[in-house]
$ cat entry_23.cif   # mmCIF, C-alpha atoms and all ligand atoms
data_data
loop_
_atom_site.label_atom_id
_atom_site.label_comp_id
_atom_site.auth_asym_id
_atom_site.auth_seq_id
_atom_site.Cartn_x
_atom_site.Cartn_y
_atom_site.Cartn_z
CA MET A 1 77.14 209.01 180.49
CA LYS A 2 76.46 205.33 181.18
CA GLU A 3 78.14 204.46 177.89
CA PHE A 4 81.12 206.58 178.85
CA TRP A 5 81.64 204.61 182.06
CA LYS A 6 81.24 201.30 180.27
CA GLY A 7 83.91 202.43 177.83
CA ALA A 8 86.17 203.61 180.64
CA VAL A 9 85.86 200.31 182.50
CA LYS A 10 86.62 198.37 179.35
CA LEU A 11 89.67 200.52 178.69
CA ALA A 12 90.91 200.02 182.26
CA GLN A 13 90.46 196.25 181.93
CA THR A 14 92.41 196.20 178.70
CA LEU A 15 95.18 198.30 180.19
CA TRP A 16 95.56 196.72 183.59
CA TYR A 17 93.80 193.41 183.88
CA GLU A 18 93.63 191.60 180.61
CA GLU A 19 97.18 191.25 179.47
CA LEU A 20 97.43 189.64 176.08
CA GLN A 21 98.85 186.14 176.21
CA THR A 22 102.02 185.80 174.18
CA CYS A 23 104.09 182.71 173.37
CA VAL A 24 106.97 182.40 175.87
CA ILE A 25 109.26 181.10 173.15
CA CYS A 26 108.62 183.34 170.10
CA GLY A 27 106.55 186.19 171.57
CA ASP A 28 103.62 185.88 169.12
CA GLU A 29 100.14 186.63 170.46
CA GLY A 30 97.94 183.66 171.27
CA ASP A 31 98.94 180.71 173.44
CA LEU A 32 101.50 180.32 176.23
CA VAL A 33 103.41 178.11 173.80
CA CYS A 34 102.13 178.69 170.26
CA PRO A 35 101.38 175.77 167.90
CA THR A 36 104.40 176.59 165.69
CA CYS A 37 106.86 176.53 168.63
CA THR A 38 105.21 173.38 169.97
CA THR A 39 105.81 171.67 166.62
CA ASP A 40 109.30 173.12 166.06
CA TYR A 41 110.88 172.79 169.51
CA LEU A 42 108.75 170.54 171.72
CA HIS A 43 108.21 167.92 169.04
CA PRO A 44 105.09 166.28 170.49
CA GLU A 45 105.26 163.75 167.64
CA LEU A 46 108.63 162.40 168.77
CA GLY A 47 109.29 159.95 171.57
CA ARG A 48 112.03 160.41 174.16
CA CYS A 49 114.66 157.79 174.97
CA ARG A 50 113.33 156.15 178.13
CA SER A 51 116.81 156.09 179.52
CA CYS A 52 118.65 159.35 178.61
CA GLY A 53 115.84 161.65 177.40
CA LYS A 54 117.18 162.33 173.90
CA LEU A 55 114.42 162.91 171.32
CA LEU A 56 114.04 159.84 169.14
CA LEU A 57 113.70 159.89 165.38
CA ASN A 58 112.27 156.36 165.17
CA GLU A 59 109.53 154.60 167.05
CA LYS A 60 111.43 152.80 169.77
CA THR A 61 112.03 153.24 173.48
CA ASN A 62 115.80 153.76 173.67
CA CYS A 63 118.35 155.65 171.58
CA LEU A 64 121.30 153.97 169.88
CA ASP A 65 123.73 155.25 172.55
CA CYS A 66 121.72 153.73 175.37
CA GLU A 67 121.23 150.51 173.45
CA ALA A 68 125.01 150.34 173.07
CA GLY A 69 125.47 150.68 176.83
CA ARG A 70 126.49 154.38 176.81
CA GLY A 71 123.41 155.53 178.68
CA PRO A 72 123.01 156.76 182.26
CA LYS A 73 123.99 154.31 184.99
CA HIS A 74 122.76 156.04 188.11
CA LEU A 75 119.56 157.61 186.80
CA ASP A 76 116.32 155.63 186.57
CA GLN A 77 115.10 157.78 183.69
CA VAL A 78 115.64 161.17 182.09
CA THR A 79 113.09 163.22 180.21
CA ALA A 80 113.18 166.58 178.43
CA TRP A 81 110.39 168.95 177.48
CA GLY A 82 111.88 169.88 174.11
CA HIS A 83 114.83 169.91 171.78
CA TYR A 84 117.82 172.22 172.36
CA SER A 85 117.51 174.25 169.17
CA GLY A 86 116.13 177.47 167.70
CA GLY A 87 113.71 179.41 169.89
CA LEU A 88 113.99 177.07 172.89
CA ARG A 89 117.80 177.34 172.87
CA ASP A 90 117.51 181.13 172.53
CA LEU A 91 115.17 181.22 175.54
CA ILE A 92 117.56 179.15 177.69
CA GLN A 93 120.57 181.23 176.65
CA ASN A 94 118.65 184.44 177.24
CA VAL A 95 117.82 183.26 180.78
CA LYS A 96 121.45 182.42 181.59
CA PHE A 97 123.53 184.96 179.75
CA GLU A 98 121.21 187.95 179.82
CA ALA A 99 119.96 187.35 183.36
CA ARG A 100 116.28 186.71 182.60
CA PRO A 101 115.34 183.98 185.14
CA ARG A 102 111.75 185.24 185.14
CA ARG A 103 111.22 183.63 181.73
CA LEU A 104 111.56 180.24 183.45
CA LYS A 105 108.70 181.09 185.80
CA GLU A 106 106.55 181.83 182.76
CA ILE A 107 106.97 178.31 181.40
CA ALA A 108 106.55 176.66 184.82
CA ARG A 109 103.06 175.31 184.15
CA PRO A 110 103.57 173.56 180.78
CA PHE A 111 106.99 172.30 181.92
CA THR A 112 105.56 170.90 185.16
CA ASN A 113 102.62 169.32 183.30
CA TRP A 114 105.14 167.64 181.04
CA ALA A 115 107.04 166.30 184.07
CA ILE A 116 103.89 164.85 185.61
CA SER A 117 102.97 163.13 182.36
CA GLN A 118 106.41 161.53 181.98
CA LEU A 119 107.84 160.74 185.40
CA PRO A 120 106.68 158.86 188.49
CA ALA A 121 105.63 160.81 191.58
CA VAL A 122 108.55 161.52 193.96
CA ASP A 123 109.40 162.80 197.44
CA GLY A 124 110.97 166.01 196.22
CA VAL A 125 112.70 168.04 193.56
CA MET A 126 116.43 168.84 193.50
CA ALA A 127 118.34 171.29 191.31
CA VAL A 128 121.74 170.45 189.84
CA PRO A 129 123.94 172.61 192.09
CA MET A 130 126.11 175.42 190.78
CA HIS A 131 129.55 176.24 192.15
CA ALA A 132 129.65 179.27 194.47
CA SER A 133 131.96 181.21 192.15
CA ARG A 134 129.66 180.82 189.13
CA LEU A 135 126.63 181.58 191.29
CA ALA A 136 128.30 184.81 192.40
CA GLU A 137 129.02 185.67 188.77
CA ARG A 138 125.51 184.91 187.41
CA GLY A 139 123.48 185.81 190.48
CA PHE A 140 121.13 182.80 190.20
CA ASN A 141 121.16 179.11 189.36
CA GLN A 142 118.74 178.44 186.50
CA ALA A 143 118.24 174.84 187.70
CA GLU A 144 117.19 176.19 191.11
CA VAL A 145 114.72 178.57 189.48
CA LEU A 146 113.19 175.61 187.62
CA ALA A 147 113.09 173.50 190.79
CA SER A 148 111.40 176.30 192.71
CA ALA A 149 108.86 176.75 189.87
CA ILE A 150 107.99 173.05 190.17
CA HIS A 151 107.82 173.42 193.95
CA TRP A 152 105.28 176.24 193.57
CA GLU A 153 103.24 174.45 190.92
CA LEU A 154 103.00 171.12 192.73
CA GLY A 155 103.85 171.84 196.36
CA LEU A 156 106.65 169.31 195.96
CA PRO A 157 109.39 169.81 198.60
CA ILE A 158 112.80 171.01 197.48
CA ILE A 159 115.55 168.61 198.50
CA GLU A 160 119.01 170.04 199.11
CA GLY A 161 122.20 168.55 200.47
CA VAL A 162 124.49 168.32 197.44
CA GLU A 163 127.11 170.93 196.59
CA ARG A 164 129.30 171.57 193.62
CA SER A 165 132.74 171.51 195.18
CA GLU A 166 134.80 172.23 192.08
CA ALA A 167 134.43 174.99 189.55
CA THR A 168 134.88 172.86 186.43
CA PRO A 169 135.00 174.46 182.96
CA PRO A 170 131.49 174.89 181.45
CA GLN A 171 130.41 171.61 179.82
CA MET A 172 129.40 173.55 176.70
CA LEU A 173 133.05 174.34 175.92
CA LEU A 174 134.25 170.73 176.07
CA SER A 175 134.34 167.73 173.75
CA ARG A 176 132.14 164.73 174.52
CA TYR A 177 135.14 162.83 175.97
CA ASP A 178 136.14 165.76 178.21
CA ARG A 179 132.52 166.33 179.30
CA LEU A 180 132.34 162.80 180.59
CA HIS A 181 135.58 163.22 182.57
CA ASN A 182 135.30 166.88 183.56
CA LEU A 183 132.95 166.22 186.46
CA LYS A 184 134.77 163.54 188.41
CA GLY A 185 134.53 164.53 192.05
CA ALA A 186 132.75 167.80 191.22
CA PHE A 187 129.72 167.10 193.45
CA ILE A 188 129.70 166.17 197.12
CA VAL A 189 126.89 165.31 199.50
CA ARG A 190 126.74 167.61 202.53
CA GLU A 191 123.52 166.27 204.02
CA PRO A 192 123.13 162.50 203.48
CA ARG A 193 120.16 162.46 205.86
CA SER A 194 118.10 164.51 203.40
CA ILE A 195 118.85 162.04 200.61
CA ILE A 196 118.78 158.52 202.04
CA GLY A 197 115.72 156.53 200.95
CA ARG A 198 114.37 159.45 198.88
CA THR A 199 113.00 159.56 195.37
CA VAL A 200 113.79 162.77 193.46
CA TRP A 201 113.35 164.67 190.25
CA LEU A 202 116.81 166.04 189.47
CA VAL A 203 116.35 169.24 187.46
CA ASP A 204 118.66 171.00 185.02
CA ASP A 205 118.11 173.30 182.06
CA VAL A 206 119.82 171.28 179.33
CA THR A 207 121.18 167.77 178.88
CA THR A 208 123.26 166.76 175.90
CA THR A 209 125.72 164.02 176.89
CA GLY A 210 123.92 163.56 180.21
CA ALA A 211 127.26 163.80 182.03
CA THR A 212 126.18 166.45 184.57
CA LEU A 213 122.98 164.67 185.62
CA GLU A 214 124.91 161.42 185.82
CA ALA A 215 127.63 162.91 188.04
CA VAL A 216 125.04 164.27 190.51
CA ALA A 217 123.05 161.02 190.38
CA GLU A 218 126.18 159.05 191.21
CA VAL A 219 126.71 160.87 194.52
CA LEU A 220 122.98 160.77 195.31
CA ARG A 221 122.95 157.03 194.70
CA SER A 222 126.01 156.48 196.89
CA SER A 223 124.19 158.39 199.66
CA GLY A 224 121.22 156.02 199.44
CA ALA A 225 118.76 157.81 197.13
CA LYS A 226 116.11 155.29 196.13
CA ALA A 227 115.20 156.60 192.68
CA ILE A 228 116.53 159.51 190.60
CA TYR A 229 114.74 160.93 187.56
CA GLY A 230 116.42 163.59 185.44
CA LEU A 231 114.16 166.39 184.21
CA CYS A 232 115.35 169.01 181.74
CA LEU A 233 113.92 171.79 179.64
CA ALA A 234 115.78 170.62 176.58
CA ALA A 235 117.79 167.65 175.36
CA GLY A 236 119.70 166.73 172.25
CA MET A 237 118.15 164.77 169.42
CA GLU A 238 119.26 161.32 168.42
CA LYS A 239 121.70 161.33 165.52
CA ILE A 240 120.92 158.71 162.96
CA LEU A 241 123.93 157.20 161.27
CA VAL A 242 123.25 157.41 157.57
CA PRO A 243 125.07 154.76 155.52
CA LEU A 244 127.37 156.35 152.95
CA GLY A 245 126.16 154.10 150.13
CA ASP A 246 128.08 151.25 148.57
ZN ZN B 301 105.81 180.58 169.64
ZN ZN B 302 119.29 157.26 175.31
#

$ encode --input "entry_23.cif" --output "structure tokens"
Amino acid sequence: MKEFWKGAVKLAQTLWYEELQTCVICGDEGDLVCPTCTTDYLHPELGRCRSCGKLLLNEKTNCLDCEAGRGPKHLDQVTAWGHYSGGLRDLIQNVKFEARPRRLKEIARPFTNWAISQLPAVDGVMAVPMHASRLAERGFNQAEVLASAIHWELGLPIIEGVERSEATPPQMLLSRYDRLHNLKGAFIVREPRSIIGRTVWLVDDVTTTGATLEAVAEVLRSSGAKAIYGLCLAAGMEKILVPLGD
């Protein structure tokens, strides 16, 4: 009888208490982020451009774009957890287009640990705002979900006060030139008092050209923010220009 109860308790634990850990990116059993996904999408072996956050293919501190003066002007630094490809891109698209914001909560801890290891301590965390019409359509702002996950992990205050005043076309659908010009005047500061003298982590899901982070940083800077650090789940990877031979 004793054995029966032992067995019953063990079964109950398996069923209700000891959920198997699965990788948040590929779903395999094991770690929160499995070694294969870590290698394939987070690229721990690669550095990040100190300025724009792109993953670097050579050992240096800045990418070619930033070295050529095409980097962020209003951000002190940008960093990204991984590269926008494969499983990590699928996860981000699944969150946004299939309404699965909970998946962002699941990666809160490793993402926040990454942020702490890369960026200076700040007064608060701010999400890149979403226009009211897109928010109504999607039901949530993925950048806000990430910011609130960081808030819960670290107890870091959420800073608000910026709004997206124009519903611009999604950056994804535009060329690099149009992305850089699409956002002119798209963000406005509603509450300068919450921004003046502050240092912030500015959070978004993805950065490729950096145009969105830069547009928000510009209005934050003009309202007296002291330091602005971009923090994204995923960034692009530096493209190396390969000579075509002679
Ligand atoms: Zn995995
Ligand atoms: Zn760069």

$ axis_aligned_box --input "entry_23.cif" --around "stretch 29-47 of chain A" --padding-each-side "4 Å" --output "AutoDock Vina command-line options"
--center_x 104.4 --center_y 173.3 --center_z 171.0 --size_x 20.9 --size_y 34.7 --size_z 18.5

$ closest_residue --input "entry_23.cif" --among "A:Ser194, A:Gln77, A:Asn113, A:Ser222" --to "ligand ZN 302 (chain B)" --atoms "all atoms listed in the file"
A:Gln77

$ residues_around --input "entry_23.cif" --residues "A:Ser148" --least-positions-apart "3" --cutoff "10 Å" --atoms "only C-alpha atoms" --output "ChimeraX atom specification"
/A:105,108,125-127,142-145,151-158

$ residues_near_ligand --input "entry_23.cif" --ligand "ligand ZN 301 (chain B)" --cutoff "10 Å" --atoms "all atoms listed in the file" --output "CSV table (one decimal) with C-alpha atoms, in the coordinates of the input"
chain,number,residue,atom,x,y,z
A,22,THR,CA,102.0,185.8,174.2
A,23,CYS,CA,104.1,182.7,173.4
A,24,VAL,CA,107.0,182.4,175.9
A,25,ILE,CA,109.3,181.1,173.2
A,26,CYS,CA,108.6,183.3,170.1
A,27,GLY,CA,106.6,186.2,171.6
A,28,ASP,CA,103.6,185.9,169.1
A,29,GLU,CA,100.1,186.6,170.5
A,30,GLY,CA,97.9,183.7,171.3
A,31,ASP,CA,98.9,180.7,173.4
A,32,LEU,CA,101.5,180.3,176.2
A,33,VAL,CA,103.4,178.1,173.8
A,34,CYS,CA,102.1,178.7,170.3
A,35,PRO,CA,101.4,175.8,167.9
A,36,THR,CA,104.4,176.6,165.7
A,37,CYS,CA,106.9,176.5,168.6
A,38,THR,CA,105.2,173.4,170.0
A,39,THR,CA,105.8,171.7,166.6
A,40,ASP,CA,109.3,173.1,166.1
A,41,TYR,CA,110.9,172.8,169.5
A,87,GLY,CA,113.7,179.4,169.9
A,88,LEU,CA,114.0,177.1,172.9

$ residues_near_point --input "entry_23.cif" --point "(120.5, 161.6, 166.1)" --cutoff "12 Å" --atoms "only C-alpha atoms" --output "PyMOL selection string"
chain A and resi 48-49+54-58+62-65+83+208+235-242

$ closest_residue --input "entry_23.cif" --among "A:Gly69, A:Gly139, A:Gly47, A:Gly224" --to "A:Glu98" --atoms "only C-alpha atoms"
A:Gly139

$ closest_residue --input "entry_23.cif" --among "A:Ala215, A:Gly210, A:Asp205, A:Pro44" --to "A:Gln93" --atoms "only C-alpha atoms"
A:Asp205

$ closest_residue --input "entry_23.cif" --among "A:Val200, A:Leu233, A:Asn141, A:Ala12" --to "A:Arg100" --atoms "all atoms listed in the file"
A:Asn141

$ closest_residue --input "entry_23.cif" --among "A:Thr209, A:Ser223, A:Ser175, A:Ser117" --to "ligand ZN 302 (chain B)" --atoms "only C-alpha atoms and all ligand atoms"
A:Thr209

$ atom_distance --input "entry_23.cif" --atom1 "atom CA of A:Ala217" --atom2 "atom CA of A:Cys66"
16.7 Å

$ closest_residue --input "entry_23.cif" --among "A:Val128, A:Asp178, A:Ala234, A:Val122" --to "A:Gly86" --atoms "all atoms listed in the file"
A:Ala234

$ atom_distance --input "entry_23.cif" --atom1 "atom CA of A:Tyr84" --atom2 "atom CA of A:Ala68"
23.0 Å

$ atom_distance --input "entry_23.cif" --atom1 "atom CA of A:Asp76" --atom2 "atom CA of A:Gly197"
14.4 Å

$ residues_near_point --input "entry_23.cif" --point "(120.6, 159.9, 184.1)" --cutoff "6 Å" --atoms "all atoms listed in the file" --output "PDB file with C-alpha atoms, in the coordinates of the input"
ATOM      1  CA  CYS A  52     118.650 159.350 178.610  1.00  0.00           C
ATOM      2  CA  PRO A  72     123.010 156.760 182.260  1.00  0.00           C
ATOM      3  CA  HIS A  74     122.760 156.040 188.110  1.00  0.00           C
ATOM      4  CA  LEU A  75     119.560 157.610 186.800  1.00  0.00           C
ATOM      5  CA  GLN A  77     115.100 157.780 183.690  1.00  0.00           C
ATOM      6  CA  VAL A  78     115.640 161.170 182.090  1.00  0.00           C
ATOM      7  CA  LEU A 213     122.980 164.670 185.620  1.00  0.00           C
ATOM      8  CA  GLU A 214     124.910 161.420 185.820  1.00  0.00           C
ATOM      9  CA  GLY A 230     116.420 163.590 185.440  1.00  0.00           C
TER      10      GLY A 230
END

$ residues_around --input "entry_23.cif" --residues "A:Arg138" --least-positions-apart "3" --cutoff "8 Å" --atoms "all atoms listed in the file" --output "ChimeraX atom specification"
/A:96-97,99,134-135,141

$ build_atoms --input "entry_23.cif" --residues "stretch 104-115 of chain A" --atoms "all heavy atoms" --output "mmCIF file, in the frame of the given file"
data_model
loop_
_atom_site.group_PDB
_atom_site.id
_atom_site.type_symbol
_atom_site.label_atom_id
_atom_site.label_comp_id
_atom_site.auth_asym_id
_atom_site.auth_seq_id
_atom_site.Cartn_x
_atom_site.Cartn_y
_atom_site.Cartn_z
ATOM 1 N N LEU A 104 111.770 181.636 183.034
ATOM 2 C CA LEU A 104 111.560 180.240 183.450
ATOM 3 C C LEU A 104 110.274 180.086 184.256
ATOM 4 O O LEU A 104 109.597 179.074 184.172
ATOM 5 C CB LEU A 104 112.758 179.732 184.262
ATOM 6 C CG LEU A 104 114.083 179.668 183.506
ATOM 7 C CD1 LEU A 104 115.193 179.171 184.434
ATOM 8 C CD2 LEU A 104 113.978 178.748 182.292
ATOM 9 N N LYS A 105 109.958 181.116 185.037
ATOM 10 C CA LYS A 105 108.700 181.090 185.800
ATOM 11 C C LYS A 105 107.508 181.063 184.843
ATOM 12 O O LYS A 105 106.483 180.455 185.115
ATOM 13 C CB LYS A 105 108.583 182.316 186.713
ATOM 14 C CG LYS A 105 109.683 182.428 187.756
ATOM 15 C CD LYS A 105 109.386 181.610 188.988
ATOM 16 C CE LYS A 105 110.442 181.860 190.055
ATOM 17 N NZ LYS A 105 110.415 180.862 191.128
ATOM 18 N N GLU A 106 107.661 181.756 183.714
ATOM 19 C CA GLU A 106 106.550 181.830 182.760
ATOM 20 C C GLU A 106 106.230 180.473 182.118
ATOM 21 O O GLU A 106 105.096 180.230 181.729
ATOM 22 C CB GLU A 106 106.873 182.864 181.650
ATOM 23 C CG GLU A 106 106.856 184.294 182.174
ATOM 24 C CD GLU A 106 107.512 185.287 181.215
ATOM 25 O OE1 GLU A 106 107.865 184.904 180.084
ATOM 26 O OE2 GLU A 106 107.680 186.449 181.616
ATOM 27 N N ILE A 107 107.250 179.619 182.027
ATOM 28 C CA ILE A 107 106.970 178.310 181.400
ATOM 29 C C ILE A 107 106.742 177.229 182.452
ATOM 30 O O ILE A 107 106.636 176.042 182.117
ATOM 31 C CB ILE A 107 108.113 177.872 180.464
ATOM 32 C CG1 ILE A 107 109.436 177.858 181.226
ATOM 33 C CG2 ILE A 107 108.188 178.711 179.234
ATOM 34 C CD1 ILE A 107 110.496 177.121 180.489
ATOM 35 N N ALA A 108 106.654 177.634 183.724
ATOM 36 C CA ALA A 108 106.550 176.660 184.820
ATOM 37 C C ALA A 108 105.399 175.674 184.615
ATOM 38 O O ALA A 108 105.557 174.468 184.800
ATOM 39 C CB ALA A 108 106.389 177.380 186.146
ATOM 40 N N ARG A 109 104.228 176.205 184.214
ATOM 41 C CA ARG A 109 103.060 175.310 184.150
ATOM 42 C C ARG A 109 103.189 174.253 183.050
ATOM 43 O O ARG A 109 103.078 173.065 183.346
ATOM 44 C CB ARG A 109 101.772 176.125 183.984
ATOM 45 C CG ARG A 109 100.538 175.248 183.967
ATOM 46 C CD ARG A 109 99.375 175.855 184.665
ATOM 47 N NE ARG A 109 99.634 176.218 186.044
ATOM 48 C CZ ARG A 109 98.836 176.993 186.759
ATOM 49 N NH1 ARG A 109 97.756 177.494 186.215
ATOM 50 N NH2 ARG A 109 99.127 177.281 188.011
ATOM 51 N N PRO A 110 103.453 174.632 181.785
ATOM 52 C CA PRO A 110 103.570 173.560 180.780
ATOM 53 C C PRO A 110 104.734 172.605 181.074
ATOM 54 O O PRO A 110 104.623 171.406 180.833
ATOM 55 C CB PRO A 110 103.777 174.312 179.460
ATOM 56 C CG PRO A 110 104.116 175.709 179.825
ATOM 57 C CD PRO A 110 103.516 175.972 181.169
ATOM 58 N N PHE A 111 105.829 173.147 181.605
ATOM 59 C CA PHE A 111 106.990 172.300 181.920
ATOM 60 C C PHE A 111 106.635 171.296 183.026
ATOM 61 O O PHE A 111 106.951 170.101 182.938
ATOM 62 C CB PHE A 111 108.162 173.190 182.337
ATOM 63 C CG PHE A 111 109.407 172.429 182.723
ATOM 64 C CD1 PHE A 111 109.996 171.529 181.847
ATOM 65 C CD2 PHE A 111 109.996 172.633 183.962
ATOM 66 C CE1 PHE A 111 111.155 170.837 182.203
ATOM 67 C CE2 PHE A 111 111.152 171.949 184.327
ATOM 68 C CZ PHE A 111 111.728 171.053 183.442
ATOM 69 N N THR A 112 105.944 171.774 184.052
ATOM 70 C CA THR A 112 105.560 170.900 185.160
ATOM 71 C C THR A 112 104.542 169.857 184.687
ATOM 72 O O THR A 112 104.624 168.683 185.061
ATOM 73 C CB THR A 112 104.973 171.731 186.318
ATOM 74 O OG1 THR A 112 105.940 172.697 186.686
ATOM 75 C CG2 THR A 112 104.661 170.866 187.524
ATOM 76 N N ASN A 113 103.590 170.285 183.838
ATOM 77 C CA ASN A 113 102.620 169.320 183.300
ATOM 78 C C ASN A 113 103.315 168.226 182.515
ATOM 79 O O ASN A 113 102.925 167.056 182.566
ATOM 80 C CB ASN A 113 101.586 170.031 182.418
ATOM 81 C CG ASN A 113 100.609 170.833 183.249
ATOM 82 O OD1 ASN A 113 100.473 170.620 184.454
ATOM 83 N ND2 ASN A 113 99.945 171.784 182.624
ATOM 84 N N TRP A 114 104.349 168.633 181.777
ATOM 85 C CA TRP A 114 105.140 167.640 181.040
ATOM 86 C C TRP A 114 105.767 166.644 182.016
ATOM 87 O O TRP A 114 105.694 165.430 181.819
ATOM 88 C CB TRP A 114 106.224 168.347 180.213
ATOM 89 C CG TRP A 114 107.224 167.396 179.667
ATOM 90 C CD1 TRP A 114 108.472 167.116 180.159
ATOM 91 C CD2 TRP A 114 107.059 166.539 178.533
ATOM 92 N NE1 TRP A 114 109.082 166.153 179.405
ATOM 93 C CE2 TRP A 114 108.230 165.774 178.396
ATOM 94 C CE3 TRP A 114 106.020 166.334 177.627
ATOM 95 C CZ2 TRP A 114 108.411 164.832 177.393
ATOM 96 C CZ3 TRP A 114 106.197 165.391 176.616
ATOM 97 C CH2 TRP A 114 107.377 164.657 176.505
ATOM 98 N N ALA A 115 106.369 167.165 183.079
ATOM 99 C CA ALA A 115 107.040 166.300 184.070
ATOM 100 C C ALA A 115 106.070 165.279 184.655
ATOM 101 O O ALA A 115 106.378 164.089 184.742
ATOM 102 C CB ALA A 115 107.657 167.163 185.163
#
